[in-house]
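Notes to accompany the following structure.
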Amino acid sequence: MIEIKDLHKKFGRLQVLDGVSLQIADQGIFAILGPNGSGKTTLIKSILGMVIPQKGEIYVNGQPVKGQWEYRRQINYLPQIARFPENISVTELLQMIKNLRSQPANDAELIELFGLQGHLHKKLGNLSGGTKQKVNIVLAFMFDSPIFILDEPTTGLDPVSLLRLKDLLRKEKEAGKTILITTHIMDFVETMADEIVFLLEGNIYFKGTLDELKKKSNQQDLEHAIANILAENS
Amino acid sequence: MQRYLGLLGLLLLNLPLWGQIRVCADCEIKTIREAVALAQPHDTIFVQTGVYQENTIIINKPLVLLGQGQPVIDGNHNGNLIEIKADSVEIAAFTIRNVGVSYTKDLAAILLTKADHFYIHDNRLEKVFFGILVEKSHHGRIVNNVVSSEAEEEFTSGNGIHLWSCRDVLIKGNELFGLRDGIYLEFVEQSTIIDNHSHDNIRYGLHFMFSNHDNYYDNTFERNGAGVAVMFSKFINMKRNRFYKNWGTASFGLLLKEIYDAEIENNVFEENTIAINIEGSTRVNYFHNDLIRNGWAVKVAGGCYANIFENNNFIDNSFDVSYNTKMNDNRFLGNYWSSYTGYDLNRDGIGDVPYRPVKLFSYIVGRTPETIILLRSLFIDILNFSEKVSPVFTPDNLVDEAPKMKITHD
Amino acid sequence: MIKVLQYSFYDLIRSRWSYVYFLFYLVLGFALLFLNNSISKAVITLMNVIVVLTPMIGTIFGIMYYYSSREFTELLLAQPLRRRTIFLGQYLGVALSLTLSLVFGLGLPFAFYGLGQSAEMGNFALLLLSGAFLTFIFVALAFIIGLRNDNRIKGFSYAILIWLLLAVIYDGIFLISLIIFEDYPLDKFTLIATMFNPIDLSRILILLKLDISALLGYTGAIFQKFFGTQTGLFTSLGVLIVWTLVPVYFIVRLARKKDF
């Protein structure tokens with residue numbers, strides 16, 4: 001469970017999060033939506049401790065995260081842009097992360113699933129964007145952690161891999177995991193998300209199920225619902 | 001021939017019979033003073049092993065005093081110990097110690113006044129104020145003595161061998177340490193100083209004042225306040241001497257002040273704060289000297305005219321040559337400079353680019369000594385380089401047009 | 001931290017730049033010995049090079065590595081690791097690999113020329129020690145600049161500027177102020193001003209051994225006392241250690257508060 005209380009974050013003069021409070025329950029897929037610059041990534045990075053908020057508290061499984069680092073053992077993170085050290089090979093990267101976390105990992109299975117066997121000894125700098133994203137996904141899914149935080153996981157994926165990713169997500173959900181996803185692909189949200197958190201100008205504009213959002217905005221599909229929200233608030 | 005030899009043998013055999021006096025604790029004559037009083041001119045006094053608590057022994061006739069088994073004359077810090085006032089006196093093989101200290105009189109272990117043809121040799125002079133003090137005496141020899149004291153300050157200490165108004169004196173093979181000046185010469189003419197070792201003296205190892213036509217060869221000067229000071233003197237030859245480790249706040253290997261017509265050749269200056277410090281000198285030739293790892297190799301202050309530096313080796317000195325003026329009337333030619341960076345395309349052993357031994361930084365340090373802390377910093381290198389390209393503060397004609405590529409040994 | 005250090009270190013050891021740096025010192029060492037033909041003279045020339053070059057390479061390499069390892073850093077930040085661990089590990093990785101390049105690059109030619117038997121062994125060791133200190137100090141300064149500036153061009157400019165400042169400009173200002181105030185007693189000021197610049201400090205440290213400390217004693221009693229005894233050596237070493245620890249402390253502090 002993740003609990004966020006009255007979170008404030010400013011970058012310079014720009015108020016990115018303005019008193020966000022949020023509770024995310026234990027099982028399910030939670031989509032964090034919002035226009036560009038609404039604070040999605042900042043919110044995620046705050047949970048991970050990569051961004052230090054000016055005010056507010058975050059609890060992961062009941063423990064405050066401020067100044068802590070052990071709790072990240074319970075989180076699998078997929079960053080928005082797959083950027084890796086360019087000098088090392090895929091195997092070395094996987095080895096390194098496994099070594100750093102010293103947890104059991106099922107990377108072999110995932111490598112096969114995404115067809116990465118042929119790329120294992122290539123330097124990361126020489127991989128295409130899509131392949132890098134696959135490596136990114138392997139890294140994020142290879143540990144058995146209760147919380148997943150995925151920042152734009154679909155970027156650059158081919159349809160086959162996208163299907164595999166969806167399967168993976170369903171499997172992890174079945175296993176009782178909490179999964180946080182930010183994305184711009186509404187179709188993905190509609191098929192996958194149990195609950196939606198909509199961020200607008202650093203605040204939570206809406207939190208609830210897909211149906212509740214449609215109802216609130218009087219629209220038939222998600223894309224229109226969101227377009228409507230944005231039009232109302234501009 | 002045989003007849004003469006026989007006669008000589010007879011003479012030698014008879015010698016003990018006349019002209020000899022023995023002094024010892026058990027002898028008939030127990031003090032040196034007594035023996036001197038009894039002796040006839042040209043007698044020999046043999047002083048046996050023992051400690052003789054005597055001072056102010058006045059020798060006023062030609063005598064030979066010979067120590068046997070290193071007898072000790074202990075003056076108990078009272079007055080002069082031996083005063084020689086006659087010609088042809090020889091004193092040898094004594095230990096003479098504890099000379100009185102006075103702020104008004106120059107008390108000495110051996111004082112010679114108007115005593116020509118003296119011969120002082122193989123003595124040990126310890127805890128002296130002055131060691132051997134010679135006044136208006138000529139044609140003498142001071143050989144193989146060891147003179148030492150425990151000098152701490154200049155005004156409470158004296159000199160090891162001190163000559164005043166003398167001519168034709170040989171000072172050879174002596175060791176001098178812990179004194180004010182090891183050897184001090186004032187108004188001394190035509191004298192020679194050879195093979196002495198003067199070290200750890202608080203002022204100078206060797207000090208010339210108003211002395212002309214003298215030579216000093218093959219001496220070693222180490223760890224003195226300054227090695228050798230030559231002041232107000234003419235025609236001095238300085239050859240094959242070694243100046244080592246004269247370090248400190250104002251320490252020199254060789255200090256020249258108002259010197260004319262001197263020859264400085266084949267000397268070695270190593271690890272001195274300033275190897276050669278010149279305050280006014282004219283027509284002095286510096287040939288074949290080695291200047292190694294000194295702070296300043298040659299530091300020129302004041303008027304120096306018509307001096308010549310040729311075939312010297314300047315090796316790893318912090319500063320090779322330092323001037324405090326922009327004027328130069330001296331010639332530098334054919335020296336080896338370890339900091340020379342030029343090339344020799346025609347392979348004749350002489351660099352094709354002239355060398356400028358004076359750096360801007362040495363001028364700056366001359367003005368503000370604290371700036372020495374910036375020695376070898378990049379900024380200073382840049383500064384030196386720009387001055388080298390267009391001299392503003394340093395003499396622009398001070399150039400060695402034929403710098404050697406290799407060290408020359410001869 | 002050891003693990004992070006390890007990865008940074010291997011990453012660097014395999015990078016082209018480490019080899020370039022290592023080869024540069026190797027060639028420099030051989031060239032100096034070949035041209036000078038005497039170890040003691042080569043050591044003096046080497047001093048100028050080390051005092052100027054190690055800080056420059058330390059800052060530039062440090063800032064380069066900091067920026068080019070942003071991805072690696074972000075990857076690590078999401079892992080269960082302390083921030084201190086991540087940044088100190090990376091810092092030590094860079095500083096160590098540079099130091100090793102220096103030590104082996106110069107050490108090999110000198111060992112080859114029979115340094116072991118030479119009287120210059122101690123001087124040479126001190127030279128390498130100063131080089132190591134300067135590397136650690138300037139890599140740390142580069143990391144601080146990197147942590148404070150996300151803009152790479154700005155960061156690079158600051159890095160070069162800080163090198164230029166400490167290697168050249170500082171001494172220029174120092175010299176000018178000494179000349180302006182030459183009528184006042186300056187020895188204490190001089191000593192203190194030296195302590196505030198690690199480049200000056202290590203230059204003095206080497207000078208104490210290489211050149212003649214008595215030459216520095218020329219200027220007066222305080223210098224004499226400081227430089228003529230072991231005090232100078234130990235004080236300089238001590239201050240160099242402080243100079244290393246303070247920036248490292250700032251790395252930890254800045255890393256703790258920074259957003260990624």
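As shown in the structure tokens, the chain order sets the letters A, B, ...; within each chain, residues go from 1, and ligands are also counted from 1 in the order they appear.
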
Next item on the list: With a distance cut-off of 9 Å and only C-alpha atoms, select the neighbouring residues of segment 141-144 of chain B, excluding the residue or stretch itself and same-chain residues fewer than 2 positions from it, and output the selection as a list of chain:residue names.
Entry: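 So the residues in contact are B:His117, B:Phe118, B:Tyr119, B:Ile120, B:His121, B:Asp122, B:Asn123, B:Ile132, B:His139, B:Val146, B:Ile161, B:Asp168, B:Val169, B:Leu170, B:Ile171, B:Lys172, B:Gly173, B:Asn174, B:Glu175, B:Asn196.
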
Would you mind exporting N, CA and C atoms of the selected residues as a PDB file, in the first residue's frame?
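Final output, selection.pdb:
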ATOM      1  N   HIS B 117     108.641  34.734  10.909  1.00  0.00           N
ATOM      2  CA  HIS B 117     109.118  33.361  10.769  1.00  0.00           C
ATOM      3  C   HIS B 117     108.546  32.406  11.810  1.00  0.00           C
ATOM      4  N   PHE B 118     107.295  32.567  12.139  1.00  0.00           N
ATOM      5  CA  PHE B 118     106.666  31.658  13.105  1.00  0.00           C
ATOM      6  C   PHE B 118     106.241  30.374  12.398  1.00  0.00           C
ATOM      7  N   TYR B 119     106.103  29.335  13.192  1.00  0.00           N
ATOM      8  CA  TYR B 119     105.653  28.051  12.633  1.00  0.00           C
ATOM      9  C   TYR B 119     104.765  27.364  13.670  1.00  0.00           C
ATOM     10  N   ILE B 120     103.471  27.427  13.463  1.00  0.00           N
ATOM     11  CA  ILE B 120     102.507  26.851  14.407  1.00  0.00           C
ATOM     12  C   ILE B 120     101.882  25.647  13.717  1.00  0.00           C
ATOM     13  N   HIS B 121     102.088  24.463  14.254  1.00  0.00           N
ATOM     14  CA  HIS B 121     101.536  23.314  13.527  1.00  0.00           C
ATOM     15  C   HIS B 121     101.111  22.177  14.452  1.00  0.00           C
ATOM     16  N   ASP B 122     100.179  21.386  13.936  1.00  0.00           N
ATOM     17  CA  ASP B 122      99.694  20.171  14.594  1.00  0.00           C
ATOM     18  C   ASP B 122      99.183  20.388  16.019  1.00  0.00           C
ATOM     19  N   ASN B 123      98.579  21.501  16.274  1.00  0.00           N
ATOM     20  CA  ASN B 123      97.980  21.731  17.588  1.00  0.00           C
ATOM     21  C   ASN B 123      96.474  21.564  17.525  1.00  0.00           C
ATOM     22  N   ILE B 132      94.259  31.423  16.785  1.00  0.00           N
ATOM     23  CA  ILE B 132      95.607  31.919  16.542  1.00  0.00           C
ATOM     24  C   ILE B 132      95.474  33.335  16.018  1.00  0.00           C
ATOM     25  N   HIS B 139     106.063  36.113   7.059  1.00  0.00           N
ATOM     26  CA  HIS B 139     106.796  34.899   6.707  1.00  0.00           C
ATOM     27  C   HIS B 139     106.542  33.751   7.691  1.00  0.00           C
ATOM     28  N   VAL B 146      93.867  22.104  14.452  1.00  0.00           N
ATOM     29  CA  VAL B 146      92.409  22.009  14.531  1.00  0.00           C
ATOM     30  C   VAL B 146      91.942  23.052  15.532  1.00  0.00           C
ATOM     31  N   ILE B 161      91.545  31.509  12.924  1.00  0.00           N
ATOM     32  CA  ILE B 161      92.867  32.042  12.592  1.00  0.00           C
ATOM     33  C   ILE B 161      92.647  33.469  12.121  1.00  0.00           C
ATOM     34  N   ASP B 168     103.088  37.329   3.481  1.00  0.00           N
ATOM     35  CA  ASP B 168     103.728  36.051   3.197  1.00  0.00           C
ATOM     36  C   ASP B 168     103.484  35.003   4.299  1.00  0.00           C
ATOM     37  N   VAL B 169     102.239  34.656   4.486  1.00  0.00           N
ATOM     38  CA  VAL B 169     101.894  33.637   5.482  1.00  0.00           C
ATOM     39  C   VAL B 169     101.262  32.459   4.752  1.00  0.00           C
ATOM     40  N   LEU B 170     101.608  31.260   5.183  1.00  0.00           N
ATOM     41  CA  LEU B 170     100.992  30.052   4.617  1.00  0.00           C
ATOM     42  C   LEU B 170     100.032  29.467   5.645  1.00  0.00           C
ATOM     43  N   ILE B 171      98.774  29.296   5.258  1.00  0.00           N
ATOM     44  CA  ILE B 171      97.803  28.669   6.151  1.00  0.00           C
ATOM     45  C   ILE B 171      97.343  27.403   5.455  1.00  0.00           C
ATOM     46  N   LYS B 172      97.731  26.255   5.976  1.00  0.00           N
ATOM     47  CA  LYS B 172      97.535  25.029   5.215  1.00  0.00           C
ATOM     48  C   LYS B 172      97.027  23.866   6.082  1.00  0.00           C
ATOM     49  N   GLY B 173      96.052  23.172   5.574  1.00  0.00           N
ATOM     50  CA  GLY B 173      95.620  21.915   6.183  1.00  0.00           C
ATOM     51  C   GLY B 173      94.973  22.053   7.558  1.00  0.00           C
ATOM     52  N   ASN B 174      94.457  23.201   7.868  1.00  0.00           N
ATOM     53  CA  ASN B 174      93.822  23.371   9.171  1.00  0.00           C
ATOM     54  C   ASN B 174      92.333  23.030   9.101  1.00  0.00           C
ATOM     55  N   GLU B 175      91.781  22.626  10.252  1.00  0.00           N
ATOM     56  CA  GLU B 175      90.336  22.445  10.328  1.00  0.00           C
ATOM     57  C   GLU B 175      89.792  23.451  11.334  1.00  0.00           C
ATOM     58  N   ASN B 196      92.440  23.884   3.579  1.00  0.00           N
ATOM     59  CA  ASN B 196      91.800  23.985   4.889  1.00  0.00           C
ATOM     60  C   ASN B 196      90.358  23.515   4.803  1.00  0.00           C
TER      61      ASN B 196
END

Check: If you count only C-alpha atoms, which residues fall within 6 Å of Gly19 of chain A, apart from same-chain ones fewer than 3 positions away, as a count of residues only?
Finding: 3

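Using only C-alpha atoms, the chain A residues found within 7 Å of chain C amount to Leu48, Met50, Val51, Ile52, Trp69, Glu70, Tyr71, Arg72, Arg73, Tyr77, Arg83, Phe84, Pro85, Asn87, Leu100 and Arg101 of chain A.
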
Kindly assemble as CSV a list of the chain B residues that lie within 10 Å of chain C, each paired with its nearest atom pair and their distance in Å to one decimal, using only C-alpha atoms, sorted first by chain and then by ascending residue number.
residue,atom,partner,partner_atom,distance
B:Lys245,CA,C:Ala214,CA,9.5
B:Asn246,CA,C:Ala214,CA,9.5
B:Trp247,CA,C:Ala214,CA,5.9
B:Gly248,CA,C:Ala214,CA,5.7
B:Thr249,CA,C:Tyr218,CA,4.1
B:Ala250,CA,C:Tyr218,CA,6.2
B:Ser251,CA,C:Tyr218,CA,8.1
B:Glu271,CA,C:Ile212,CA,7.7
B:Asn272,CA,C:Leu215,CA,8.5
B:Thr273,CA,C:Leu215,CA,5.5
B:Ile274,CA,C:Leu215,CA,8.5
B:Arg293,CA,C:Asp211,CA,7.9
B:Asn294,CA,C:Ile212,CA,7.9
B:Gly295,CA,C:Leu215,CA,5.4
B:Trp296,CA,C:Leu215,CA,8.5
B:Ile315,CA,C:Lys41,CA,9.6
B:Asp316,CA,C:Lys41,CA,7.6
B:Asn317,CA,C:Asp211,CA,8.7
B:Ser318,CA,C:Asp211,CA,7.4
B:Ser338,CA,C:Lys41,CA,9.0
B:Ser339,CA,C:Lys41,CA,9.8
B:Ile364,CA,C:Ile179,CA,8.3
B:Val365,CA,C:Thr219,CA,9.4
B:Arg367,CA,C:Ile179,CA,8.1
B:Thr368,CA,C:Glu182,CA,6.0
B:Pro369,CA,C:Thr219,CA,5.4
B:Glu370,CA,C:Thr219,CA,5.9
B:Thr371,CA,C:Leu175,CA,6.4
B:Ile372,CA,C:Leu216,CA,6.5
B:Ile373,CA,C:Leu216,CA,6.9
B:Leu374,CA,C:Asp171,CA,7.2
B:Leu375,CA,C:Leu207,CA,8.4
B:Arg376,CA,C:Asn48,CA,6.9
B:Ser377,CA,C:Asn48,CA,7.3
B:Leu378,CA,C:Val168,CA,6.1
B:Phe379,CA,C:Val168,CA,5.1
B:Ile380,CA,C:Asp171,CA,8.1
B:Asp381,CA,C:Asn48,CA,9.5
B:Ile382,CA,C:Val168,CA,9.1
B:Leu383,CA,C:Gly172,CA,9.4

Check: Which residues come within 12 Å of Leu157 of chain A, counting only C-alpha atoms, excluding same-chain residues fewer than 3 positions away, as a PyMOL selection string?
Finding: chain A and resi 82+114+128-137+152-154+160-166

Restricting the output to C-alpha atoms, write the selected residues as a PDB file, in the first residue's frame.
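result.pdb written:
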ATOM      1  CA  ALA A  82      15.372   3.760 -21.271  1.00  0.00           C
ATOM      2  CA  PHE A 114      10.897 -10.681 -25.392  1.00  0.00           C
ATOM      3  CA  SER A 128      17.656   0.323 -30.976  1.00  0.00           C
ATOM      4  CA  GLY A 129      15.097   2.258 -28.938  1.00  0.00           C
ATOM      5  CA  GLY A 130      12.601  -0.625 -28.941  1.00  0.00           C
ATOM      6  CA  THR A 131      15.188  -3.168 -27.859  1.00  0.00           C
ATOM      7  CA  LYS A 132      16.338  -0.868 -25.106  1.00  0.00           C
ATOM      8  CA  GLN A 133      12.762  -0.605 -23.902  1.00  0.00           C
ATOM      9  CA  LYS A 134      12.567  -4.409 -23.821  1.00  0.00           C
ATOM     10  CA  VAL A 135      15.712  -4.505 -21.703  1.00  0.00           C
ATOM     11  CA  ASN A 136      14.087  -1.866 -19.553  1.00  0.00           C
ATOM     12  CA  ILE A 137      11.059  -4.098 -19.092  1.00  0.00           C
ATOM     13  CA  GLU A 152       5.335   5.030 -19.972  1.00  0.00           C
ATOM     14  CA  PRO A 153       6.031   1.316 -20.391  1.00  0.00           C
ATOM     15  CA  THR A 154       4.630   1.096 -23.924  1.00  0.00           C
ATOM     16  CA  VAL A 160       3.770  -8.446 -30.171  1.00  0.00           C
ATOM     17  CA  SER A 161       5.833  -7.137 -27.290  1.00  0.00           C
ATOM     18  CA  LEU A 162       2.948  -4.932 -26.226  1.00  0.00           C
ATOM     19  CA  LEU A 163       0.748  -8.014 -25.942  1.00  0.00           C
ATOM     20  CA  ARG A 164       3.416  -9.794 -23.923  1.00  0.00           C
ATOM     21  CA  LEU A 165       3.660  -6.776 -21.626  1.00  0.00           C
ATOM     22  CA  LYS A 166      -0.088  -6.816 -21.071  1.00  0.00           C
TER      23      LYS A 166
END

Checklist line | Spatial neighbours of Ile32 of chain A, 6 Å, only C-alpha atoms, chain gap at least 5 places, as a list in words | finding: Ile181, Thr182, Val197 and Phe198 of chain A

Convert the current residue selection to file output with C-alpha atoms, as a short mmCIF file (atom, residue, chain, number, x, y, z; two decimals), in the first residue's frame.
data_model
loop_
_atom_site.label_atom_id
_atom_site.label_comp_id
_atom_site.auth_asym_id
_atom_site.auth_seq_id
_atom_site.Cartn_x
_atom_site.Cartn_y
_atom_site.Cartn_z
CA ILE A 181 1.37 3.11 -14.58
CA THR A 182 1.62 6.43 -16.34
CA VAL A 197 -5.86 8.88 -10.94
CA PHE A 198 -6.12 12.05 -12.92
#

Next item on the list: Taking the DSSP assignment computed from this structure's backbone, write out as a PyMOL selection string all residues of segment 40-266 of chain B that belong to strand (DSSP E or B).
Entry: chain B and resi 43-47+51-52+57-59+63-67+72-74+82-84+90-92+95-97+108-113+119-121+124-126+130-135+138-143+146-148+161-172+175-177+183-189+192-194+197-199+204-209+212-217+220-222+226-239+242-244+252-260+263-265

Next item on the list: Between B:Gly160, B:Pro395, B:Pro354, B:Gly50, single out the one closest to Leu133 of chain B, counting only C-alpha atoms.
Entry: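 Counting only C-alpha atoms, the residue closest to Leu133 of chain B is B:Gly160.
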